[in-house]
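Below is start16.txt, which holds compact mmCIF, C-alpha atoms.
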# COMPACT_ATOMS: atom_id res chain seq x y z
CA MET A 1 -39.68 -28.72 -20.70
CA SER A 2 -39.93 -25.03 -21.39
CA GLN A 3 -40.30 -22.16 -18.95
CA THR A 4 -40.90 -18.44 -19.33
CA ILE A 5 -39.10 -16.00 -17.03
CA GLU A 6 -41.00 -12.87 -16.04
CA PHE A 7 -39.68 -9.50 -14.93
CA PRO A 8 -39.82 -9.76 -11.11
CA HIS A 9 -42.29 -7.79 -9.04
CA LEU A 10 -40.10 -5.38 -7.07
CA SER A 11 -42.59 -2.56 -6.55
CA LYS A 12 -46.07 -2.71 -5.01
CA ASP A 13 -47.14 -0.26 -7.69
CA GLU A 14 -48.10 -2.75 -10.40
CA SER A 15 -47.90 -0.09 -13.10
CA ALA A 16 -44.26 0.67 -12.22
CA GLU A 17 -41.88 0.14 -15.11
CA GLY A 18 -38.57 -1.61 -14.60
CA ILE A 19 -35.35 -1.60 -16.57
CA LEU A 20 -33.58 -4.67 -17.81
CA ALA A 21 -30.20 -3.31 -16.76
CA THR A 22 -27.84 -6.10 -17.81
CA TRP A 23 -28.06 -9.39 -19.66
CA PHE A 24 -25.27 -11.72 -18.59
CA VAL A 25 -26.15 -14.29 -21.26
CA LYS A 26 -26.96 -14.25 -24.96
CA SER A 27 -29.81 -15.86 -26.86
CA GLY A 28 -28.99 -19.44 -27.75
CA GLU A 29 -26.63 -19.92 -24.81
CA GLN A 30 -26.87 -22.94 -22.52
CA VAL A 31 -27.71 -21.92 -18.95
CA LYS A 32 -27.84 -23.87 -15.72
CA ALA A 33 -30.46 -23.62 -12.97
CA LYS A 34 -29.61 -20.88 -10.41
CA GLN A 35 -27.15 -19.20 -12.81
CA VAL A 36 -27.52 -15.40 -12.70
CA ILE A 37 -28.79 -14.41 -16.13
CA ALA A 38 -29.77 -10.75 -15.67
CA GLU A 39 -29.81 -7.76 -13.36
CA VAL A 40 -33.05 -5.78 -13.30
CA MET A 41 -34.02 -2.54 -11.60
CA VAL A 42 -37.22 -0.82 -10.46
CA ASP A 43 -37.06 2.57 -8.74
CA LYS A 44 -33.33 2.14 -8.02
CA VAL A 45 -33.88 -1.26 -6.41
CA SER A 46 -31.91 -3.87 -8.32
CA LEU A 47 -32.14 -7.64 -8.28
CA ASP A 48 -30.34 -10.58 -9.88
CA VAL A 49 -32.55 -12.87 -11.94
CA GLU A 50 -31.59 -16.54 -11.88
CA ALA A 51 -32.38 -19.25 -14.40
CA PRO A 52 -35.10 -21.53 -12.93
CA ILE A 53 -34.05 -24.61 -14.96
CA ASP A 54 -31.23 -25.90 -17.19
CA GLY A 55 -31.65 -25.31 -20.90
CA THR A 56 -31.19 -23.06 -23.92
CA ILE A 57 -32.17 -19.46 -23.29
CA THR A 58 -33.96 -17.11 -25.67
CA LEU A 59 -34.01 -13.42 -24.68
CA LEU A 60 -37.30 -11.65 -25.29
CA VAL A 61 -36.35 -8.12 -24.15
CA GLN A 62 -33.44 -5.87 -25.13
CA GLU A 63 -30.87 -4.70 -22.60
CA GLU A 64 -31.71 -1.22 -21.20
CA ALA A 65 -35.38 -1.65 -22.22
CA SER A 66 -38.14 -0.39 -19.91
CA VAL A 67 -40.81 -3.01 -19.27
CA ARG A 68 -43.78 -3.54 -16.96
CA GLN A 69 -43.29 -5.90 -14.04
CA GLY A 70 -44.46 -9.40 -14.93
CA THR A 71 -43.54 -9.03 -18.62
CA PRO A 72 -41.94 -12.20 -20.05
CA ILE A 73 -38.23 -11.40 -20.49
CA ALA A 74 -36.79 -14.79 -21.52
CA ARG A 75 -37.68 -18.37 -22.27
CA ILE A 76 -35.68 -21.48 -21.46
CA ASP A 77 -36.22 -24.62 -23.56
CA MET B 78 -7.79 -9.05 -24.05
CA THR B 79 -7.95 -11.04 -27.25
CA THR B 80 -7.89 -14.25 -25.27
CA ALA B 81 -10.74 -13.02 -23.09
CA THR B 82 -12.93 -12.29 -26.12
CA LEU B 83 -12.35 -15.75 -27.55
CA LYS B 84 -13.29 -17.32 -24.24
CA SER B 85 -16.52 -15.32 -24.26
CA GLU B 86 -17.51 -16.81 -27.60
CA ALA B 87 -16.81 -20.24 -26.16
CA GLY B 88 -19.42 -19.49 -23.50
CA THR B 89 -17.47 -18.16 -20.52
CA ARG B 90 -19.85 -16.63 -18.07
CA ARG B 91 -20.10 -12.82 -18.03
CA LEU B 92 -20.05 -10.65 -14.93
CA THR B 93 -20.14 -6.97 -14.07
CA THR B 94 -16.97 -5.60 -12.48
CA ALA B 95 -18.83 -5.28 -9.15
CA LYS B 96 -19.75 -8.97 -9.19
CA ALA B 97 -16.22 -9.93 -10.28
CA ILE B 98 -14.77 -8.12 -7.26
CA SER B 99 -17.15 -9.72 -4.76
CA GLU B 100 -16.55 -13.15 -6.32
CA ALA B 101 -12.78 -12.68 -5.89
CA ILE B 102 -13.25 -11.76 -2.23
CA ALA B 103 -15.62 -14.70 -1.63
CA GLN B 104 -13.22 -17.23 -3.17
CA GLU B 105 -10.26 -15.97 -1.12
CA MET B 106 -12.42 -15.97 2.04
CA ARG B 107 -13.41 -19.59 1.41
CA ALA B 108 -9.75 -20.55 0.93
CA ASN B 109 -8.30 -18.58 3.84
CA GLN B 110 -9.95 -18.01 7.23
CA ASP B 111 -7.67 -14.98 7.82
CA VAL B 112 -9.39 -12.94 5.10
CA PHE B 113 -12.23 -10.68 6.23
CA VAL B 114 -13.98 -7.46 5.17
CA MET B 115 -14.61 -4.33 7.20
CA GLY B 116 -16.12 -0.94 6.35
CA GLU B 117 -19.21 1.23 6.09
CA ASP B 118 -22.24 -0.56 4.58
CA VAL B 119 -20.21 -3.56 3.39
CA GLY B 120 -22.60 -5.99 5.16
CA ALA B 121 -26.29 -6.37 4.36
CA TYR B 122 -26.14 -3.45 1.92
CA GLY B 123 -23.31 -5.09 -0.04
CA GLY B 124 -21.20 -1.96 -0.45
CA ILE B 125 -22.68 1.21 -1.89
CA PHE B 126 -21.20 0.33 -5.30
CA GLY B 127 -21.79 -3.41 -5.02
CA SER B 128 -18.20 -4.45 -4.31
CA THR B 129 -19.22 -6.73 -1.42
CA GLY B 130 -22.59 -7.90 -2.78
CA GLY B 131 -23.74 -11.26 -1.42
CA LEU B 132 -20.81 -11.72 0.98
CA PHE B 133 -22.81 -11.05 4.15
CA ASP B 134 -25.27 -13.86 3.32
CA GLU B 135 -22.46 -16.38 2.93
CA PHE B 136 -19.99 -15.31 5.63
CA GLY B 137 -22.08 -13.48 8.21
CA ALA B 138 -21.40 -10.57 10.53
CA SER B 139 -18.22 -11.99 12.06
CA ARG B 140 -16.30 -11.85 8.76
CA ILE B 141 -18.18 -9.09 6.89
CA ILE B 142 -18.08 -6.34 9.49
CA ASP B 143 -20.11 -3.13 9.23
CA THR B 144 -18.34 -0.30 11.01
CA PRO B 145 -19.35 3.05 12.47
CA ILE B 146 -18.51 6.16 10.45
CA SER B 147 -15.00 6.48 11.81
CA GLU B 148 -12.49 5.91 9.03
CA THR B 149 -9.52 6.47 11.33
CA GLY B 150 -10.92 3.89 13.76
CA PHE B 151 -11.67 1.07 11.34
CA ILE B 152 -8.62 1.56 9.12
CA GLY B 153 -6.49 1.54 12.26
CA ALA B 154 -8.25 -1.65 13.38
CA GLY B 155 -7.56 -3.18 9.97
CA ILE B 156 -3.86 -2.32 10.22
CA GLY B 157 -3.74 -3.89 13.68
CA ALA B 158 -5.38 -7.08 12.41
CA ALA B 159 -2.97 -7.23 9.45
CA VAL B 160 0.06 -6.77 11.70
CA GLU B 161 -1.23 -9.70 13.80
CA GLY B 162 -1.43 -11.95 10.74
CA MET B 163 -4.95 -11.48 9.40
CA ARG B 164 -5.58 -10.38 5.79
CA PRO B 165 -8.21 -7.63 6.06
CA ILE B 166 -9.98 -5.94 3.18
CA VAL B 167 -11.02 -2.53 4.47
CA GLU B 168 -13.34 -0.30 2.49
CA LEU B 169 -12.97 3.46 2.74
CA MET B 170 -16.08 3.94 0.55
CA PHE B 171 -15.12 7.10 -1.44
CA VAL B 172 -11.42 7.86 -1.92
CA ASP B 173 -12.41 11.50 -1.30
CA PHE B 174 -12.76 10.61 2.41
CA PHE B 175 -9.04 9.89 2.80
CA GLY B 176 -8.44 13.24 4.48
CA VAL B 177 -9.86 12.16 7.83
CA CYS B 178 -7.75 8.99 8.02
CA MET B 179 -4.54 9.79 6.17
CA ASP B 180 -2.39 9.40 9.27
CA GLN B 181 -3.47 5.74 9.54
CA ILE B 182 -2.98 5.17 5.82
CA TYR B 183 0.30 6.89 5.28
CA ASN B 184 2.12 7.02 8.60
CA HIS B 185 1.07 3.55 9.74
CA MET B 186 -0.21 1.23 6.99
CA ALA B 187 2.45 2.32 4.49
CA LYS B 188 5.40 2.64 6.88
CA ILE B 189 5.21 -0.16 9.46
CA HIS B 190 7.05 -2.61 7.21
CA TYR B 191 9.92 -0.14 6.71
CA GLU B 192 10.08 1.09 10.28
CA SER B 193 10.18 -2.44 11.67
CA GLY B 194 13.18 -3.23 9.51
CA GLY B 195 11.06 -5.57 7.43
CA ASN B 196 10.07 -7.65 10.46
CA VAL B 197 6.36 -6.74 10.46
CA LYS B 198 4.20 -7.14 7.38
CA VAL B 199 0.90 -5.38 6.66
CA PRO B 200 -0.97 -7.69 4.26
CA MET B 201 -4.00 -5.44 3.90
CA VAL B 202 -6.23 -4.33 1.03
CA LEU B 203 -7.66 -0.83 1.27
CA MET B 204 -10.54 -0.72 -1.20
CA MET B 205 -12.27 2.46 -2.34
CA ALA B 206 -14.46 3.98 -5.03
CA ALA B 207 -13.05 6.68 -7.30
CA GLY B 208 -14.08 8.84 -10.21
CA GLY B 209 -16.85 11.05 -11.47
CA GLY B 210 -19.30 11.42 -14.32
CA TYR B 211 -22.58 11.22 -12.45
CA SER B 212 -22.95 14.65 -10.77
CA ASP B 213 -21.79 13.73 -7.30
CA GLY B 214 -19.87 16.93 -6.74
CA ALA B 215 -16.34 17.93 -5.82
CA GLN B 216 -16.09 15.80 -2.65
CA HIS B 217 -17.33 12.50 -4.15
CA SER B 218 -15.93 12.37 -7.68
CA GLN B 219 -12.15 12.51 -7.47
CA CYS B 220 -9.64 9.87 -8.58
CA LEU B 221 -6.67 10.95 -6.42
CA TRP B 222 -4.53 7.89 -7.24
CA ALA B 223 -1.50 10.10 -7.77
CA THR B 224 -1.89 11.49 -4.25
CA PHE B 225 -1.23 8.00 -2.88
CA ALA B 226 1.28 6.97 -5.57
CA HIS B 227 3.40 9.98 -4.63
CA MET B 228 4.10 8.39 -1.25
CA PRO B 229 6.23 5.25 -0.98
CA GLY B 230 5.02 2.12 0.77
CA MET B 231 1.79 1.22 -1.00
CA LYS B 232 0.84 -0.61 -4.17
CA ILE B 233 -2.07 0.90 -6.10
CA VAL B 234 -4.27 -0.85 -8.65
CA ALA B 235 -7.24 0.45 -10.67
CA PRO B 236 -8.88 -2.04 -13.07
CA SER B 237 -10.81 -1.10 -16.21
CA ASN B 238 -12.81 -4.31 -16.70
CA PRO B 239 -14.28 -7.30 -14.81
CA TYR B 240 -11.55 -9.78 -15.76
CA ASP B 241 -8.74 -7.58 -14.42
CA ALA B 242 -10.80 -6.62 -11.37
CA LYS B 243 -11.12 -10.22 -10.20
CA GLY B 244 -7.48 -11.08 -10.90
CA LEU B 245 -6.13 -7.90 -9.32
CA MET B 246 -8.29 -8.33 -6.21
CA ILE B 247 -6.99 -11.85 -5.70
CA SER B 248 -3.40 -10.60 -6.18
CA ALA B 249 -4.05 -7.77 -3.73
CA ILE B 250 -5.41 -10.10 -1.04
CA ARG B 251 -2.46 -12.50 -1.43
CA ASP B 252 0.15 -9.70 -1.43
CA ASP B 253 2.06 -9.22 1.83
CA ASN B 254 2.16 -5.43 1.29
CA PRO B 255 -0.63 -2.90 1.68
CA VAL B 256 -2.49 -2.57 -1.62
CA LEU B 257 -4.95 0.17 -2.52
CA PHE B 258 -7.69 -1.28 -4.72
CA MET B 259 -9.33 1.71 -6.43
CA PHE B 260 -12.40 0.93 -8.48
CA HIS B 261 -13.98 3.61 -10.65
CA LYS B 262 -17.75 3.66 -10.11
CA GLY B 263 -18.19 3.84 -13.90
CA VAL B 264 -16.52 0.44 -14.47
CA MET B 265 -18.68 -1.42 -11.95
CA GLY B 266 -21.55 -2.09 -14.39
CA LEU B 267 -24.14 -0.80 -11.94
CA PRO B 268 -27.74 -0.76 -13.14
CA TRP B 269 -28.35 2.81 -11.98
CA MET B 270 -25.31 4.39 -13.59
CA ALA B 271 -24.60 5.03 -17.28
CA LYS B 272 -22.44 2.11 -18.35
CA ASN B 273 -20.14 1.14 -21.14
CA PRO B 274 -20.62 -2.50 -22.29
CA ARG B 275 -16.93 -2.97 -21.42
CA SER B 276 -17.95 -2.98 -17.74
CA ILE B 277 -19.55 -6.40 -18.28
CA GLY B 278 -17.36 -9.16 -19.61
CA PRO B 279 -16.14 -12.73 -19.46
CA VAL B 280 -14.76 -13.81 -16.08
CA PRO B 281 -13.46 -17.34 -15.46
CA GLU B 282 -15.13 -19.03 -12.50
CA ASP B 283 -11.94 -20.44 -10.98
CA PRO B 284 -9.63 -18.11 -9.02
CA TYR B 285 -6.75 -16.57 -11.03
CA VAL B 286 -4.34 -13.67 -10.58
CA VAL B 287 -3.55 -10.60 -12.66
CA PRO B 288 -0.05 -9.52 -11.60
CA ILE B 289 0.32 -6.19 -9.82
CA GLY B 290 2.72 -3.83 -11.63
CA LYS B 291 2.05 -5.19 -15.10
CA ALA B 292 0.31 -3.10 -17.78
CA ALA B 293 -1.71 -4.66 -20.61
CA ILE B 294 -1.79 -3.82 -24.29
CA ALA B 295 -5.55 -3.43 -24.52
CA HIS B 296 -5.50 -2.58 -28.25
CA GLU B 297 -2.47 -3.10 -30.48
CA GLY B 298 -1.34 -0.33 -32.80
CA SER B 299 1.69 1.27 -34.43
CA ASP B 300 1.00 4.99 -35.08
CA VAL B 301 0.38 6.41 -31.61
CA THR B 302 0.50 5.18 -28.01
CA VAL B 303 -2.38 6.07 -25.70
CA VAL B 304 -1.61 5.35 -22.04
CA SER B 305 -4.53 5.30 -19.64
CA ILE B 306 -6.02 3.68 -16.58
CA SER B 307 -9.41 2.69 -15.15
CA LEU B 308 -12.62 4.01 -16.76
CA SER B 309 -10.69 6.18 -19.25
CA VAL B 310 -9.32 2.99 -20.82
CA GLN B 311 -12.88 2.16 -21.93
CA HIS B 312 -13.14 5.54 -23.68
CA CYS B 313 -9.70 5.03 -25.27
CA LEU B 314 -10.73 1.61 -26.62
CA ASP B 315 -13.93 3.07 -28.09
CA VAL B 316 -11.83 5.74 -29.86
CA ALA B 317 -9.14 3.26 -31.00
CA GLU B 318 -11.77 0.96 -32.52
CA GLY B 319 -13.48 3.92 -34.21
CA LEU B 320 -10.18 4.97 -35.82
CA GLU B 321 -9.32 1.48 -37.11
CA GLY B 322 -8.26 1.67 -40.77
CA LYS B 323 -7.29 5.35 -40.40
CA ILE B 324 -4.93 5.62 -37.42
CA SER B 325 -3.40 2.60 -35.73
CA VAL B 326 -3.78 3.33 -32.02
CA GLU B 327 -2.03 1.32 -29.31
CA VAL B 328 -3.90 1.52 -25.99
CA ILE B 329 -1.90 0.67 -22.88
CA ASP B 330 -4.04 -0.10 -19.82
CA LEU B 331 -1.68 0.50 -16.90
CA ARG B 332 -3.93 -1.47 -14.45
CA THR B 333 -1.42 -0.60 -11.70
CA ILE B 334 -0.28 2.92 -10.83
CA ALA B 335 2.36 1.97 -8.28
CA PRO B 336 4.64 0.28 -9.12
CA LEU B 337 4.30 1.85 -12.58
CA ASP B 338 5.07 -0.47 -15.52
CA ARG B 339 7.59 1.90 -17.11
CA ASP B 340 8.95 -0.82 -19.40
CA ALA B 341 5.56 -1.23 -21.08
CA ILE B 342 5.28 2.53 -21.67
CA LEU B 343 8.83 2.78 -23.05
CA ALA B 344 8.39 -0.26 -25.30
CA SER B 345 5.24 1.14 -26.89
CA VAL B 346 6.54 4.70 -27.31
CA SER B 347 9.78 3.32 -28.79
CA LYS B 348 7.58 1.74 -31.46
CA THR B 349 5.16 4.61 -32.15
CA GLY B 350 7.09 7.78 -31.21
CA ARG B 351 3.82 9.51 -30.35
CA LEU B 352 2.11 9.65 -26.97
CA VAL B 353 -1.28 10.66 -25.61
CA ILE B 354 -1.96 10.24 -21.89
CA VAL B 355 -5.54 9.99 -20.65
CA ASP B 356 -5.98 10.33 -16.91
CA GLU B 357 -9.14 11.31 -15.04
CA ASP B 358 -7.05 12.45 -12.07
CA TYR B 359 -5.91 16.09 -11.82
CA LYS B 360 -3.43 17.10 -14.51
CA SER B 361 -0.64 18.80 -12.60
CA PHE B 362 1.90 17.02 -10.36
CA GLY B 363 0.43 13.60 -11.14
CA LEU B 364 0.43 10.39 -13.16
CA SER B 365 0.52 12.07 -16.58
CA GLY B 366 3.65 14.08 -15.73
CA GLU B 367 5.28 10.96 -14.32
CA ILE B 368 4.65 9.10 -17.57
CA VAL B 369 6.25 11.91 -19.58
CA ALA B 370 9.26 11.87 -17.25
CA THR B 371 9.51 8.11 -17.77
CA ILE B 372 10.16 8.85 -21.46
CA THR B 373 12.41 11.88 -21.07
CA ASP B 374 14.51 10.28 -18.30
CA LYS B 375 15.33 7.52 -20.78
CA ASP B 376 15.61 9.38 -24.10
CA PRO B 377 13.61 12.45 -25.20
CA LYS B 378 14.42 11.54 -28.81
CA LEU B 379 11.96 8.64 -28.57
CA LEU B 380 9.24 11.25 -29.18
CA LYS B 381 8.48 12.49 -32.71
CA ALA B 382 5.88 14.96 -31.44
CA PRO B 383 5.01 16.82 -28.24
CA VAL B 384 2.94 14.74 -25.81
CA GLN B 385 -0.79 15.42 -25.41
CA ARG B 386 -2.34 15.04 -21.96
CA VAL B 387 -6.11 14.58 -21.60
CA CYS B 388 -6.63 14.97 -17.85
CA HIS B 389 -8.93 16.63 -15.38
CA PRO B 390 -7.95 20.32 -15.27
CA ASP B 391 -6.66 21.74 -12.00
CA VAL B 392 -10.07 22.75 -10.66
CA PRO B 393 -12.54 21.03 -8.29
CA ILE B 394 -14.86 18.64 -10.15
CA PRO B 395 -18.06 20.51 -11.08
CA TYR B 396 -21.46 19.27 -9.91
CA SER B 397 -23.28 20.52 -13.01
CA ARG B 398 -23.44 17.66 -15.51
CA VAL B 399 -22.57 19.97 -18.40
CA LEU B 400 -19.58 21.50 -16.65
CA GLU B 401 -18.46 18.12 -15.29
CA TYR B 402 -18.16 16.69 -18.80
CA GLU B 403 -16.28 19.83 -19.86
CA ALA B 404 -13.70 18.80 -17.25
CA LEU B 405 -13.65 14.97 -17.58
CA PRO B 406 -11.76 13.07 -20.30
CA THR B 407 -14.22 12.23 -23.09
CA ARG B 408 -13.99 10.28 -26.34
CA GLU B 409 -14.10 13.56 -28.29
CA LYS B 410 -11.13 15.01 -26.38
CA ILE B 411 -9.13 11.79 -26.71
CA GLN B 412 -9.74 11.65 -30.45
CA ALA B 413 -8.77 15.32 -30.85
CA ALA B 414 -5.54 14.70 -28.91
CA ILE B 415 -4.69 11.73 -31.14
CA HIS B 416 -5.19 13.87 -34.26
CA THR B 417 -2.99 16.60 -32.74
CA VAL B 418 -0.03 14.29 -32.10
CA MET B 419 -0.45 12.69 -35.55
CA LYS B 420 -0.27 16.10 -37.28
CA ALA B 421 2.73 17.35 -35.29
Show me the file's structure as structure tokens.
Amino acid sequence: MSQTIEFPHLSKDESAEGILATWFVKSGEQVKAKQVIAEVMVDKVSLDVEAPIDGTITLLVQEEASVRQGTPIARID
Amino acid sequence: MTTATLKSEAGTRRLTTAKAISEAIAQEMRANQDVFVMGEDVGAYGGIFGSTGGLFDEFGASRIIDTPISETGFIGAGIGAAVEGMRPIVELMFVDFFGVCMDQIYNHMAKIHYESGGNVKVPMVLMMAAGGGYSDGAQHSQCLWATFAHMPGMKIVAPSNPYDAKGLMISAIRDDNPVLFMFHKGVMGLPWMAKNPRSIGPVPEDPYVVPIGKAAIAHEGSDVTVVSISLSVQHCLDVAEGLEGKISVEVIDLRTIAPLDRDAILASVSKTGRLVIVDEDYKSFGLSGEIVATITDKDPKLLKAPVQRVCHPDVPIPYSRVLEYEALPTREKIQAAIHTVMKA
């Protein structure tokens, strides 16, 4: 089973860009469901992103990168 | 430090310093019903710098207590609870606010144990944010650890990384004496503040302690000793790694200000004979002078060159970003100081 993780929708303004503030894991690492994998921020609101399932994570976005909400940021296989 | 890096490669989970602190508090609260948190915006907001993030959801309003803006009132209440056997963690928010509640801190929290002939203990943690670098002005950017260290009766810790933050917080909660836990906002790994990657690092999940009063050799070297604390340690490590192969820099992370680990300072300076002190607190009458006295009280001949001090000059911290960085310790100033002591 594979699952893509999207940048969460924190702002009602769909065009708002967010920042991937911190990656707590590296590509290729084993993660467990509910483990905090990243902290993201939109307009000074920050949120922890948790892994939805167990598996091997692949990061799709660099730390500190600005991305649109809903952009795929990681994949877990 | 070396051990921590190896663990990271083996897959130890990484945390920001803010999350490491709140995890330490949560684990001690689960283990001991006497531990609780009190302060301004420590509840639903999670602390303005994230030091109590997530605690309110788990422990609720009876153990994570939001207080009115009366530092004298809630620090006094914390002291009373500690005297009665609880183990409160009280947050002052910014260290700069100490002025309105210093009587509680210094005449009560720090002296009750002495004045009761050792019969009454005050097992309390007074937690607060320190430091500048983000244009918050002269009343919200100070370090001030030497102001407290000058006065007997309190232990004072200031971690530079997530691993030490968790271990020092657990030590502070378990200590029967009042402990000031001073976290620099720049080491918290907050998403909205410029951050050094050193603010995020491997943190074991199980509880562990980092002993209070024990410095760490954060980077081994033989040519020059650089003694520092808190956020400045991160700058010192950046400089030491940049100079590898040219100058062998030993970085001592004090981790605790009081009691000062004088043995660690003396051991390193005995080896290198050259000393740079990097302290974001004000230069005069403070930690940097105390470190120099630690050497000269023992043997001035340990030094092959005059000491360099990279500290905040004796002026209020400027609001202007440009002027603020003129005043704060920076990598450039630390590197210049190292070159100066090497040439002398």
If we count only C-alpha atoms, which residues of chain B reach to within 10 Å of chain A? Please list them as an NGL selection string.
:B and (87-93 or 266-270 or 272 or 274 or 277-279)
Skip Lys32 in chain A itself and residues of its chain fewer than 6 positions away, then list as a list of chain:residue names all residues within 7 Å of it, counting only C-alpha atoms.
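After dropping sequence-adjacent residues, the list is A:Ala51, A:Ile53, A:Asp54, A:Gly55.
The space between CA of Ser305 in chain B and CA of Gly244 in chain B spans 18.8 Å.
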Residues near Val304 in chain B, cut-off 10 Å, all atoms listed in the file, skip fewer than 6 positions along chain, as a PyMOL selection string:
chain B and resi 292+294-295+310+313+327-331+341-342+345-346+352-356+365+368+386
Two-atom distance - CA of Gln219 in chain B, CA of Glu367 in chain B (Å)
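Taking CA of Gln219 in chain B and CA of Glu367 in chain B, their separation equals 18.8 Å.
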Quick one: residues within 6 Å of range 288-290 of chain B, only C-alpha atoms counted, chain neighbours fewer than 6 positions away excluded, as a list in words?
Thr333, Pro336, Leu337 and Asp338 of chain B
Select, from B:Asp300, B:Glu318, B:Asp253, B:Asp213, the residue with the minimum atom-to-atom distance to Leu380 in chain B, counting all atoms listed in the file.
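So, comparing all the options, the nearest one is B:Asp300.
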Nearest to Glu63 in chain A, chosen from A:Gln3, A:Ala33, A:Arg75, A:Gly18, with all atoms listed in the file counted in the distances
A:Gly18
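The spacing separating CA of Arg351 in chain B from CA of Ile372 in chain B amounts to 10.9 Å.
All residues of protein, DNA or RNA that reach within 10 Å of range 146-151 of chain B, judged by all atoms listed in the file and not counting those fewer than 3 positions away in the chain, are Met115, Gly116, Glu117, Asp118, Ile142, Asp143, Ala154, Gly155, Ile156, Gly157, Val167, Glu168, Leu169, Met170, Phe174, Phe175, Gly176, Val177, Cys178, Met179, Asp180, Gln181 and Ile182 of chain B.
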Using all atoms listed in the file, pick whichever of A:Ala16, A:Ile76, A:Leu10, A:Ala65 has the shortest atom-to-atom distance to Glu50 in chain A.
A:Ile76
Around the point (7.8, 16.4, -28.2) in the file's coordinates, collect all residues with an atom within 10 Å, using all atoms listed in the file, and return them as number ranges by chain.
B: 350-352, 369, 373, 377-385, 418, 421
Restricting the calculation to all atoms listed in the file, which member of B:Val392, B:Ala206, B:Ala187, B:Met259 is positioned closest to Ser218 in chain B?
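Going through B:Val392, B:Ala206, B:Ala187, B:Met259 one by one, the smallest distance to Ser218 in chain B is for B:Ala206.
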